[in-house]
$ cat coords31.cif   # mmCIF, C-alpha atoms and all ligand atoms
data_start
#
loop_
_atom_site.label_atom_id
_atom_site.label_comp_id
_atom_site.auth_asym_id
_atom_site.auth_seq_id
_atom_site.Cartn_x
_atom_site.Cartn_y
_atom_site.Cartn_z
CA MET A 757 0.00 0.00 0.00
CA LYS A 758 1.15 3.51 -0.78
CA ILE A 759 -0.27 6.27 1.40
CA GLY A 760 -0.32 9.86 0.19
CA VAL A 761 -0.23 12.82 2.54
CA LEU A 762 -1.47 16.17 1.25
CA ALA A 763 1.60 18.35 1.78
CA LEU A 764 0.40 21.88 1.01
CA GLN A 765 0.38 23.21 4.58
CA GLY A 766 0.15 21.94 8.14
CA ASP A 767 1.67 18.96 9.92
CA PHE A 768 2.06 16.54 7.02
CA ALA A 769 5.61 15.68 8.15
CA GLU A 770 4.30 14.27 11.45
CA HIS A 771 1.85 12.01 9.59
CA ILE A 772 4.68 10.74 7.40
CA ILE A 773 6.85 9.99 10.46
CA MET A 774 3.99 8.01 12.04
CA LEU A 775 3.26 6.12 8.81
CA LYS A 776 6.94 5.20 8.39
CA ARG A 777 7.00 4.01 11.99
CA ILE A 778 4.28 1.48 11.18
CA GLY A 779 6.11 0.40 8.04
CA ALA A 780 3.93 2.10 5.42
CA GLU A 781 5.15 3.49 2.12
CA THR A 782 4.37 7.22 1.85
CA ALA A 783 4.27 9.99 -0.74
CA GLU A 784 3.81 13.76 -0.43
CA VAL A 785 0.99 15.14 -2.58
CA ARG A 786 1.28 18.70 -3.92
CA LEU A 787 0.10 18.33 -7.52
CA PRO A 788 -2.71 16.35 -9.21
CA GLU A 789 -0.24 13.86 -10.77
CA HIS A 790 1.05 12.93 -7.30
CA LEU A 791 -2.26 11.13 -6.67
CA GLN A 792 -1.44 8.50 -9.29
CA GLY A 793 -0.70 5.08 -7.84
CA LEU A 794 -1.81 5.97 -4.31
CA ASP A 795 -4.12 3.70 -2.32
CA CYS A 796 -5.36 6.35 0.09
CA LEU A 797 -4.72 9.89 1.31
CA ILE A 798 -4.36 11.75 4.59
CA ILE A 799 -5.18 15.46 4.81
CA PRO A 800 -3.30 16.90 7.80
CA GLY A 801 -4.16 19.49 10.39
CA GLY A 802 -3.11 23.07 9.86
CA GLU A 803 -5.29 25.90 8.62
CA SER A 804 -8.25 24.80 6.51
CA THR A 805 -8.60 28.12 4.66
CA THR A 806 -4.93 27.96 3.60
CA ILE A 807 -5.16 24.30 2.57
CA GLY A 808 -8.29 25.15 0.54
CA LYS A 809 -6.69 28.16 -1.11
CA LEU A 810 -3.54 26.25 -2.07
CA ALA A 811 -5.55 23.22 -3.29
CA THR A 812 -7.52 25.61 -5.52
CA ASP A 813 -4.34 27.34 -6.79
CA PHE A 814 -2.69 23.98 -7.59
CA ASN A 815 -5.82 22.66 -9.41
CA LEU A 816 -6.26 19.89 -6.86
CA MET A 817 -9.92 20.37 -5.97
CA THR A 818 -11.45 18.23 -8.75
CA PRO A 819 -8.72 15.52 -8.67
CA LEU A 820 -9.12 15.22 -4.88
CA ARG A 821 -12.91 14.92 -5.18
CA GLU A 822 -12.51 12.23 -7.84
CA PHE A 823 -9.90 10.39 -5.77
CA GLY A 824 -12.22 10.39 -2.75
CA LYS A 825 -15.00 8.66 -4.68
CA SER A 826 -13.01 5.45 -4.84
CA HIS A 827 -10.18 5.77 -2.29
CA ALA A 828 -9.99 6.16 1.46
CA ILE A 829 -9.31 9.68 2.72
CA TRP A 830 -8.74 10.71 6.33
CA GLY A 831 -8.85 14.35 7.38
CA THR A 832 -7.40 15.35 10.75
CA CYS A 833 -8.52 18.68 12.23
CA ALA A 834 -8.17 21.21 9.37
CA GLY A 835 -8.26 18.17 7.08
CA ALA A 836 -11.61 17.13 8.55
CA ILE A 837 -12.95 20.64 7.90
CA PHE A 838 -11.69 20.46 4.30
CA LEU A 839 -13.40 17.07 3.77
CA SER A 840 -16.78 18.28 5.05
CA LYS A 841 -19.82 19.53 3.17
CA ASP A 842 -20.65 22.46 5.43
CA VAL A 843 -18.73 24.79 7.76
CA SER A 844 -21.35 27.59 7.89
CA ARG A 845 -19.05 29.97 6.03
CA ASP A 846 -17.65 30.43 2.56
CA GLN A 847 -14.31 28.67 2.05
CA PRO A 848 -13.10 26.00 -0.39
CA LEU A 849 -14.24 22.53 0.77
CA LEU A 850 -13.98 19.12 -0.88
CA GLY A 851 -17.56 18.45 0.27
CA LEU A 852 -16.96 14.69 0.26
CA MET A 853 -18.29 13.87 3.72
CA ASN A 854 -21.83 14.34 4.96
CA ILE A 855 -20.78 16.16 8.10
CA LYS A 856 -21.39 19.70 9.33
CA VAL A 857 -18.38 21.15 11.13
CA ALA A 858 -17.92 24.16 13.42
CA ARG A 859 -14.40 25.60 13.25
CA ASN A 860 -12.45 26.66 16.36
CA ALA A 861 -15.30 25.29 18.46
CA PHE A 862 -13.33 25.15 21.71
CA GLY A 863 -11.99 28.69 21.51
CA ARG A 864 -8.54 30.07 20.85
CA GLN A 865 -5.19 28.30 20.54
CA THR A 866 -4.67 28.68 24.29
CA ALA A 867 -7.84 26.65 24.89
CA SER A 868 -6.25 23.58 23.28
CA PHE A 869 -6.59 20.45 25.42
CA GLU A 870 -6.11 16.69 25.67
CA ALA A 871 -8.76 14.03 26.34
CA ASP A 872 -9.07 10.26 26.58
CA LEU A 873 -11.55 8.85 24.08
CA ASP A 874 -13.36 5.55 24.01
CA ILE A 875 -13.52 4.39 20.42
CA ALA A 876 -15.06 0.96 20.05
CA GLU A 877 -14.05 0.48 16.39
CA LEU A 878 -10.44 1.36 17.17
CA LYS A 879 -10.26 -1.07 20.06
CA GLN A 880 -11.85 -3.79 17.97
CA ALA A 881 -9.66 -3.21 14.91
CA THR A 882 -6.43 -3.15 16.91
CA GLY A 883 -7.38 -5.69 19.59
CA THR A 884 -6.51 -3.28 22.42
CA ALA A 885 -8.50 -2.01 25.39
CA GLN A 886 -6.90 1.25 26.49
CA PRO A 887 -8.59 4.57 25.67
CA TYR A 888 -7.19 6.75 22.91
CA HIS A 889 -5.39 9.86 24.18
CA ALA A 890 -6.22 12.71 21.81
CA PHE A 891 -4.82 16.22 21.27
CA PHE A 892 -7.22 19.02 20.35
CA ILE A 893 -5.50 22.12 18.95
CA ARG A 894 -7.85 24.99 18.10
CA ALA A 895 -10.04 22.13 17.04
CA PRO A 896 -13.35 21.95 15.23
CA ILE A 897 -16.29 19.86 16.35
CA ILE A 898 -18.50 17.84 14.10
CA GLU A 899 -21.89 19.46 14.73
CA SER A 900 -23.89 16.82 12.93
CA VAL A 901 -23.58 13.79 10.67
CA HIS A 902 -25.93 13.11 7.76
CA GLY A 903 -26.62 10.45 5.15
CA ASP A 904 -24.32 7.47 5.57
CA ALA A 905 -21.92 9.28 7.91
CA ARG A 906 -21.87 7.99 11.48
CA VAL A 907 -20.35 9.05 14.75
CA LEU A 908 -17.12 7.27 15.72
CA SER A 909 -16.36 9.17 18.91
CA SER A 910 -17.76 11.92 21.14
CA LEU A 911 -16.48 13.77 24.19
CA SER A 912 -18.21 13.06 27.51
CA ASP A 913 -20.46 16.10 26.91
CA GLY A 914 -21.68 14.56 23.64
CA ARG A 915 -19.77 16.77 21.22
CA ILE A 916 -18.76 14.70 18.18
CA VAL A 917 -15.00 14.54 17.47
CA ALA A 918 -14.71 11.66 14.99
CA ALA A 919 -16.91 10.40 12.17
CA GLN A 920 -16.76 7.87 9.39
CA GLU A 921 -18.60 7.52 6.12
CA GLY A 922 -17.57 4.31 4.40
CA HIS A 923 -13.93 4.82 3.41
CA LEU A 924 -13.88 8.46 4.57
CA LEU A 925 -12.72 9.38 8.06
CA ALA A 926 -12.73 12.72 9.93
CA THR A 927 -11.16 13.43 13.32
CA SER A 928 -11.09 16.83 14.99
CA PHE A 929 -7.94 15.82 16.92
CA HIS A 930 -4.36 15.00 15.87
CA PRO A 931 -3.34 11.29 15.97
CA GLU A 932 -0.07 12.18 14.20
CA LEU A 933 1.10 14.05 17.32
CA THR A 934 0.80 11.04 19.63
CA ARG A 935 3.04 8.01 19.97
CA ASP A 936 -0.03 5.80 19.56
CA PRO A 937 -0.21 4.35 16.02
CA ARG A 938 -3.67 2.81 16.42
CA PHE A 939 -5.60 5.45 14.50
CA HIS A 940 -3.22 5.25 11.56
CA GLU A 941 -3.51 1.46 11.66
CA TYR A 942 -7.29 1.77 11.71
CA PHE A 943 -7.20 4.04 8.66
CA LEU A 944 -4.98 1.61 6.78
CA SER A 945 -7.48 -1.16 7.56
CA LEU A 946 -10.19 0.97 5.90
CA ALA A 947 -8.00 1.58 2.90
CA SER A 948 -7.11 -2.03 2.22
N1 LIG B 1001 -8.40 26.07 13.41
C1 LIG B 1001 -7.97 25.41 12.20
C2 LIG B 1001 -8.97 25.64 11.07
O1 LIG B 1001 -10.05 26.10 11.31
C3 LIG B 1001 -7.76 23.92 12.43
C4 LIG B 1001 -6.70 23.71 13.48
C5 LIG B 1001 -5.91 22.45 13.34
O2 LIG B 1001 -5.85 21.83 12.28
N2 LIG B 1001 -5.23 22.11 14.41
O3 LIG B 1001 -8.65 25.36 9.95
#
$ encode --input "coords31.cif" --output "structure tokens"
Amino acid sequence: MKIGVLALQGDFAEHIIMLKRIGAETAEVRLPEHLQGLDCLIIPGGESTTIGKLATDFNLMTPLREFGKSHAIWGTCAGAIFLSKDVSRDQPLLGLMNIKVARNAFGRQTASFEADLDIAELKQATGTAQPYHAFFIRAPIIESVHGDARVLSSLSDGRIVAAQEGHLLATSFHPELTRDPRFHEYFLSLAS
């Protein structure tokens, strides 16, 4: 399997480090032709408006939408925003996932936090029992899921922080910043 990481802006390097740690072959994606031969794609955290602007400038919007019809894509934080259909404001979105997202839902950068999440699918897929320790950095929440999208994880107050729609995955936190490879392993299981 060859895993692409959209490398326009944000913490793509951290995703690549994690993927290499679990023995995956990786490729940085900056141009439409870089999608050729990939099995799946990760869109990193960063700044969703910048990622959207650069994806538009580099003519990636249509190729990414086409890729997502038949390949697994996982968006983390800004990447989840970029994957969504609706963010209640005008900015370039891939619109692939039937989720409505609220940006910066926990406040400013200084309100970033960590939380332990119980994710049944992750535990099942990786055969482990411990909770998943997640980092939220000026994170969005997933306000609602529609169509075939379903909730994968919520905070204890019910706010949705991970969703899945078939081969598409969105997390409002940053698995690439942990030492825990389970989320990346889970994504690879969706892609294969
Ligand atoms: N606040 C950023 C946005 O709205 C996302 C932050 C992140 O990716 N850590 O795009």
$ closest_atom_pairs --input "coords31.cif" --of "segment 800-914 of chain A" --to "segment 777-796 of chain A" --cutoff "9 Å" --atoms "all atoms listed in the file" --output "Markdown table"
| residue | atom | partner | partner_atom | distance |
| --- | --- | --- | --- | --- |
| A:Ala811 | CA | A:Arg786 | CA | 8.2 |
| A:Phe814 | CA | A:Leu787 | CA | 6.3 |
| A:Asn815 | CA | A:Pro788 | CA | 7.0 |
| A:Leu816 | CA | A:Pro788 | CA | 5.5 |
| A:Met817 | CA | A:Pro788 | CA | 8.9 |
| A:Thr818 | CA | A:Pro788 | CA | 9.0 |
| A:Pro819 | CA | A:Pro788 | CA | 6.1 |
| A:Leu820 | CA | A:Pro788 | CA | 7.8 |
| A:Phe823 | CA | A:Leu791 | CA | 7.7 |
| A:Gly824 | CA | A:Cys796 | CA | 8.5 |
| A:His827 | CA | A:Cys796 | CA | 5.4 |
| A:Ala828 | CA | A:Cys796 | CA | 4.8 |
| A:Ile829 | CA | A:Cys796 | CA | 5.8 |
| A:Trp830 | CA | A:Cys796 | CA | 8.3 |
$ residues_near_point --input "coords31.cif" --point "(-6.3, 0.9, 2.8)" --cutoff "7 Å" --atoms "only C-alpha atoms" --output "VMD selection string"
chain A and resid 757 795 to 796 828 943 to 948
$ closest_atom_pairs --input "coords31.cif" --of "chain A" --to "ligand LIG 1001 (chain B)" --cutoff "9 Å" --atoms "all atoms listed in the file" --output "CSV"
residue,atom,partner,partner_atom,distance
A:Gly766,CA,B:LIG1001,O2,7.3
A:Asp767,CA,B:LIG1001,O2,8.4
A:Pro800,CA,B:LIG1001,O2,7.1
A:Gly801,CA,B:LIG1001,O2,3.5
A:Gly802,CA,B:LIG1001,O2,3.9
A:Glu803,CA,B:LIG1001,O3,3.7
A:Ser804,CA,B:LIG1001,O3,3.5
A:Thr805,CA,B:LIG1001,O3,6.0
A:Thr806,CA,B:LIG1001,O3,7.8
A:Ile807,CA,B:LIG1001,O3,8.2
A:Thr832,CA,B:LIG1001,O2,6.8
A:Cys833,CA,B:LIG1001,O2,4.1
A:Ala834,CA,B:LIG1001,O2,3.8
A:Gly835,CA,B:LIG1001,O2,6.8
A:Ala836,CA,B:LIG1001,O2,8.3
A:Ile837,CA,B:LIG1001,O3,6.7
A:Phe838,CA,B:LIG1001,O3,8.1
A:Ala858,CA,B:LIG1001,O1,8.4
A:Arg859,CA,B:LIG1001,O1,4.8
A:Asn860,CA,B:LIG1001,N1,5.0
A:Ala861,CA,B:LIG1001,N1,8.6
A:Arg864,CA,B:LIG1001,N1,8.4
A:Gln865,CA,B:LIG1001,N1,8.1
A:Phe892,CA,B:LIG1001,N2,7.0
A:Ile893,CA,B:LIG1001,N2,4.5
A:Arg894,CA,B:LIG1001,N1,4.8
A:Ala895,CA,B:LIG1001,C4,5.1
A:Pro896,CA,B:LIG1001,C3,6.6
A:Ser928,CA,B:LIG1001,O2,7.7
A:Phe929,CA,B:LIG1001,N2,7.3
A:His930,CA,B:LIG1001,N2,7.3
$ atom_distance --input "coords31.cif" --atom1 "atom CA of Glu770 of chain A" --atom2 "atom CA of Ser826 of chain A"
25.4 Å
$ atom_distance --input "coords31.cif" --atom1 "atom CA of His940 of chain A" --atom2 "atom CA of Met774 of chain A"
7.7 Å
$ closest_residue --input "coords31.cif" --among "A:Glu899, A:Leu849, A:Ile759, A:Phe891" --to "Gly808 of chain A" --atoms "only C-alpha atoms"
A:Leu849
$ closest_residue --input "coords31.cif" --among "A:His923, A:Lys856, A:Lys879, A:His902" --to "Ile798 of chain A" --atoms "all atoms listed in the file"
A:His923
$ atom_distance --input "coords31.cif" --atom1 "atom CA of Asp813 of chain A" --atom2 "atom CA of Ser844 of chain A"
22.5 Å
$ closest_residue --input "coords31.cif" --among "A:Val907, A:Ala890, A:Met853, A:Val917" --to "Phe939 of chain A" --atoms "all atoms listed in the file"
A:Ala890
$ closest_residue --input "coords31.cif" --among "A:Ala871, A:Leu933, A:Ala918, A:Val857" --to "Arg845 of chain A" --atoms "all atoms listed in the file"
A:Val857
$ residues_around --input "coords31.cif" --residues "Gln920 of chain A" --least-positions-apart "6" --cutoff "7 Å" --atoms "all atoms listed in the file" --output "PyMOL selection string"
chain A and resi 905-908+926
$ write_last_selection --input "coords31.cif" --atoms "C-alpha atoms" --output "short mmCIF file (atom, residue, chain, number, x, y, z; two decimals), keeping the file's coordinate frame"
data_model
loop_
_atom_site.label_atom_id
_atom_site.label_comp_id
_atom_site.auth_asym_id
_atom_site.auth_seq_id
_atom_site.Cartn_x
_atom_site.Cartn_y
_atom_site.Cartn_z
CA ALA A 905 -21.92 9.28 7.91
CA ARG A 906 -21.87 7.99 11.48
CA VAL A 907 -20.35 9.05 14.75
CA LEU A 908 -17.12 7.27 15.72
CA ALA A 926 -12.73 12.72 9.93
#
$ closest_residue --input "coords31.cif" --among "A:Ser912, A:Gln886, A:Thr927, A:Gln765" --to "Ser840 of chain A" --atoms "all atoms listed in the file"
A:Thr927
$ residues_around --input "coords31.cif" --residues "Asn854 of chain A" --least-positions-apart "5" --cutoff "9 Å" --atoms "all atoms listed in the file" --output "list in words"
Leu839, Ser840, Lys841, Asp842, Ser900, Val901, His902, Gly903, Asp904, Ala905 and Glu921 of chain A
$ closest_residue --input "coords31.cif" --among "A:Lys825, A:Ser910, A:His771, A:Asp874" --to "His889 of chain A" --atoms "all atoms listed in the file"
A:Asp874
$ build_atoms --input "coords31.cif" --residues "segment 808-832 of chain A" --atoms "N, CA and C atoms" --output "PDB file, in the coordinates of the input"
ATOM      1  N   GLY A 808      -7.306  24.986   1.620  1.00  0.00           N
ATOM      2  CA  GLY A 808      -8.290  25.150   0.540  1.00  0.00           C
ATOM      3  C   GLY A 808      -7.818  26.099  -0.543  1.00  0.00           C
ATOM      4  N   LYS A 809      -7.176  27.183  -0.119  1.00  0.00           N
ATOM      5  CA  LYS A 809      -6.690  28.160  -1.110  1.00  0.00           C
ATOM      6  C   LYS A 809      -5.590  27.537  -1.966  1.00  0.00           C
ATOM      7  N   LEU A 810      -4.651  26.843  -1.316  1.00  0.00           N
ATOM      8  CA  LEU A 810      -3.540  26.250  -2.070  1.00  0.00           C
ATOM      9  C   LEU A 810      -4.037  25.105  -2.967  1.00  0.00           C
ATOM     10  N   ALA A 811      -4.996  24.307  -2.456  1.00  0.00           N
ATOM     11  CA  ALA A 811      -5.550  23.220  -3.290  1.00  0.00           C
ATOM     12  C   ALA A 811      -6.230  23.795  -4.522  1.00  0.00           C
ATOM     13  N   THR A 812      -6.895  24.945  -4.368  1.00  0.00           N
ATOM     14  CA  THR A 812      -7.520  25.610  -5.520  1.00  0.00           C
ATOM     15  C   THR A 812      -6.440  26.104  -6.482  1.00  0.00           C
ATOM     16  N   ASP A 813      -5.417  26.784  -5.944  1.00  0.00           N
ATOM     17  CA  ASP A 813      -4.340  27.340  -6.790  1.00  0.00           C
ATOM     18  C   ASP A 813      -3.600  26.241  -7.558  1.00  0.00           C
ATOM     19  N   PHE A 814      -3.439  25.068  -6.938  1.00  0.00           N
ATOM     20  CA  PHE A 814      -2.690  23.980  -7.590  1.00  0.00           C
ATOM     21  C   PHE A 814      -3.603  23.014  -8.359  1.00  0.00           C
ATOM     22  N   ASN A 815      -4.857  23.462  -8.619  1.00  0.00           N
ATOM     23  CA  ASN A 815      -5.820  22.660  -9.410  1.00  0.00           C
ATOM     24  C   ASN A 815      -6.053  21.270  -8.836  1.00  0.00           C
ATOM     25  N   LEU A 816      -6.085  21.196  -7.514  1.00  0.00           N
ATOM     26  CA  LEU A 816      -6.260  19.890  -6.860  1.00  0.00           C
ATOM     27  C   LEU A 816      -7.702  19.594  -6.475  1.00  0.00           C
ATOM     28  N   MET A 817      -8.586  20.585  -6.528  1.00  0.00           N
ATOM     29  CA  MET A 817      -9.920  20.370  -5.970  1.00  0.00           C
ATOM     30  C   MET A 817     -10.659  19.227  -6.693  1.00  0.00           C
ATOM     31  N   THR A 818     -10.739  19.292  -8.018  1.00  0.00           N
ATOM     32  CA  THR A 818     -11.450  18.230  -8.750  1.00  0.00           C
ATOM     33  C   THR A 818     -10.729  16.884  -8.632  1.00  0.00           C
ATOM     34  N   PRO A 819      -9.402  16.823  -8.837  1.00  0.00           N
ATOM     35  CA  PRO A 819      -8.720  15.520  -8.670  1.00  0.00           C
ATOM     36  C   PRO A 819      -8.905  14.930  -7.270  1.00  0.00           C
ATOM     37  N   LEU A 820      -8.916  15.754  -6.231  1.00  0.00           N
ATOM     38  CA  LEU A 820      -9.120  15.220  -4.880  1.00  0.00           C
ATOM     39  C   LEU A 820     -10.533  14.675  -4.716  1.00  0.00           C
ATOM     40  N   ARG A 821     -11.514  15.401  -5.262  1.00  0.00           N
ATOM     41  CA  ARG A 821     -12.910  14.920  -5.180  1.00  0.00           C
ATOM     42  C   ARG A 821     -13.062  13.593  -5.906  1.00  0.00           C
ATOM     43  N   GLU A 822     -12.442  13.495  -7.080  1.00  0.00           N
ATOM     44  CA  GLU A 822     -12.510  12.230  -7.840  1.00  0.00           C
ATOM     45  C   GLU A 822     -11.826  11.107  -7.074  1.00  0.00           C
ATOM     46  N   PHE A 823     -10.657  11.398  -6.522  1.00  0.00           N
ATOM     47  CA  PHE A 823      -9.900  10.390  -5.770  1.00  0.00           C
ATOM     48  C   PHE A 823     -10.745   9.856  -4.610  1.00  0.00           C
ATOM     49  N   GLY A 824     -11.436  10.763  -3.929  1.00  0.00           N
ATOM     50  CA  GLY A 824     -12.220  10.390  -2.750  1.00  0.00           C
ATOM     51  C   GLY A 824     -13.434   9.531  -3.061  1.00  0.00           C
ATOM     52  N   LYS A 825     -13.854   9.515  -4.328  1.00  0.00           N
ATOM     53  CA  LYS A 825     -15.000   8.660  -4.680  1.00  0.00           C
ATOM     54  C   LYS A 825     -14.639   7.184  -4.560  1.00  0.00           C
ATOM     55  N   SER A 826     -13.379   6.866  -4.803  1.00  0.00           N
ATOM     56  CA  SER A 826     -13.010   5.450  -4.840  1.00  0.00           C
ATOM     57  C   SER A 826     -11.852   5.080  -3.919  1.00  0.00           C
ATOM     58  N   HIS A 827     -11.313   6.059  -3.177  1.00  0.00           N
ATOM     59  CA  HIS A 827     -10.180   5.770  -2.290  1.00  0.00           C
ATOM     60  C   HIS A 827     -10.461   6.318  -0.895  1.00  0.00           C
ATOM     61  N   ALA A 828      -9.841   5.687   0.082  1.00  0.00           N
ATOM     62  CA  ALA A 828      -9.990   6.160   1.460  1.00  0.00           C
ATOM     63  C   ALA A 828      -9.268   7.492   1.637  1.00  0.00           C
ATOM     64  N   ILE A 829      -9.937   8.411   2.339  1.00  0.00           N
ATOM     65  CA  ILE A 829      -9.310   9.680   2.720  1.00  0.00           C
ATOM     66  C   ILE A 829      -9.600   9.920   4.192  1.00  0.00           C
ATOM     67  N   TRP A 830      -8.602  10.374   4.902  1.00  0.00           N
ATOM     68  CA  TRP A 830      -8.740  10.710   6.330  1.00  0.00           C
ATOM     69  C   TRP A 830      -8.294  12.156   6.517  1.00  0.00           C
ATOM     70  N   GLY A 831      -9.183  12.968   7.062  1.00  0.00           N
ATOM     71  CA  GLY A 831      -8.850  14.350   7.380  1.00  0.00           C
ATOM     72  C   GLY A 831      -8.715  14.529   8.878  1.00  0.00           C
ATOM     73  N   THR A 832      -7.575  15.071   9.320  1.00  0.00           N
ATOM     74  CA  THR A 832      -7.400  15.350  10.750  1.00  0.00           C
ATOM     75  C   THR A 832      -7.484  16.861  10.955  1.00  0.00           C
TER      76      THR A 832
END
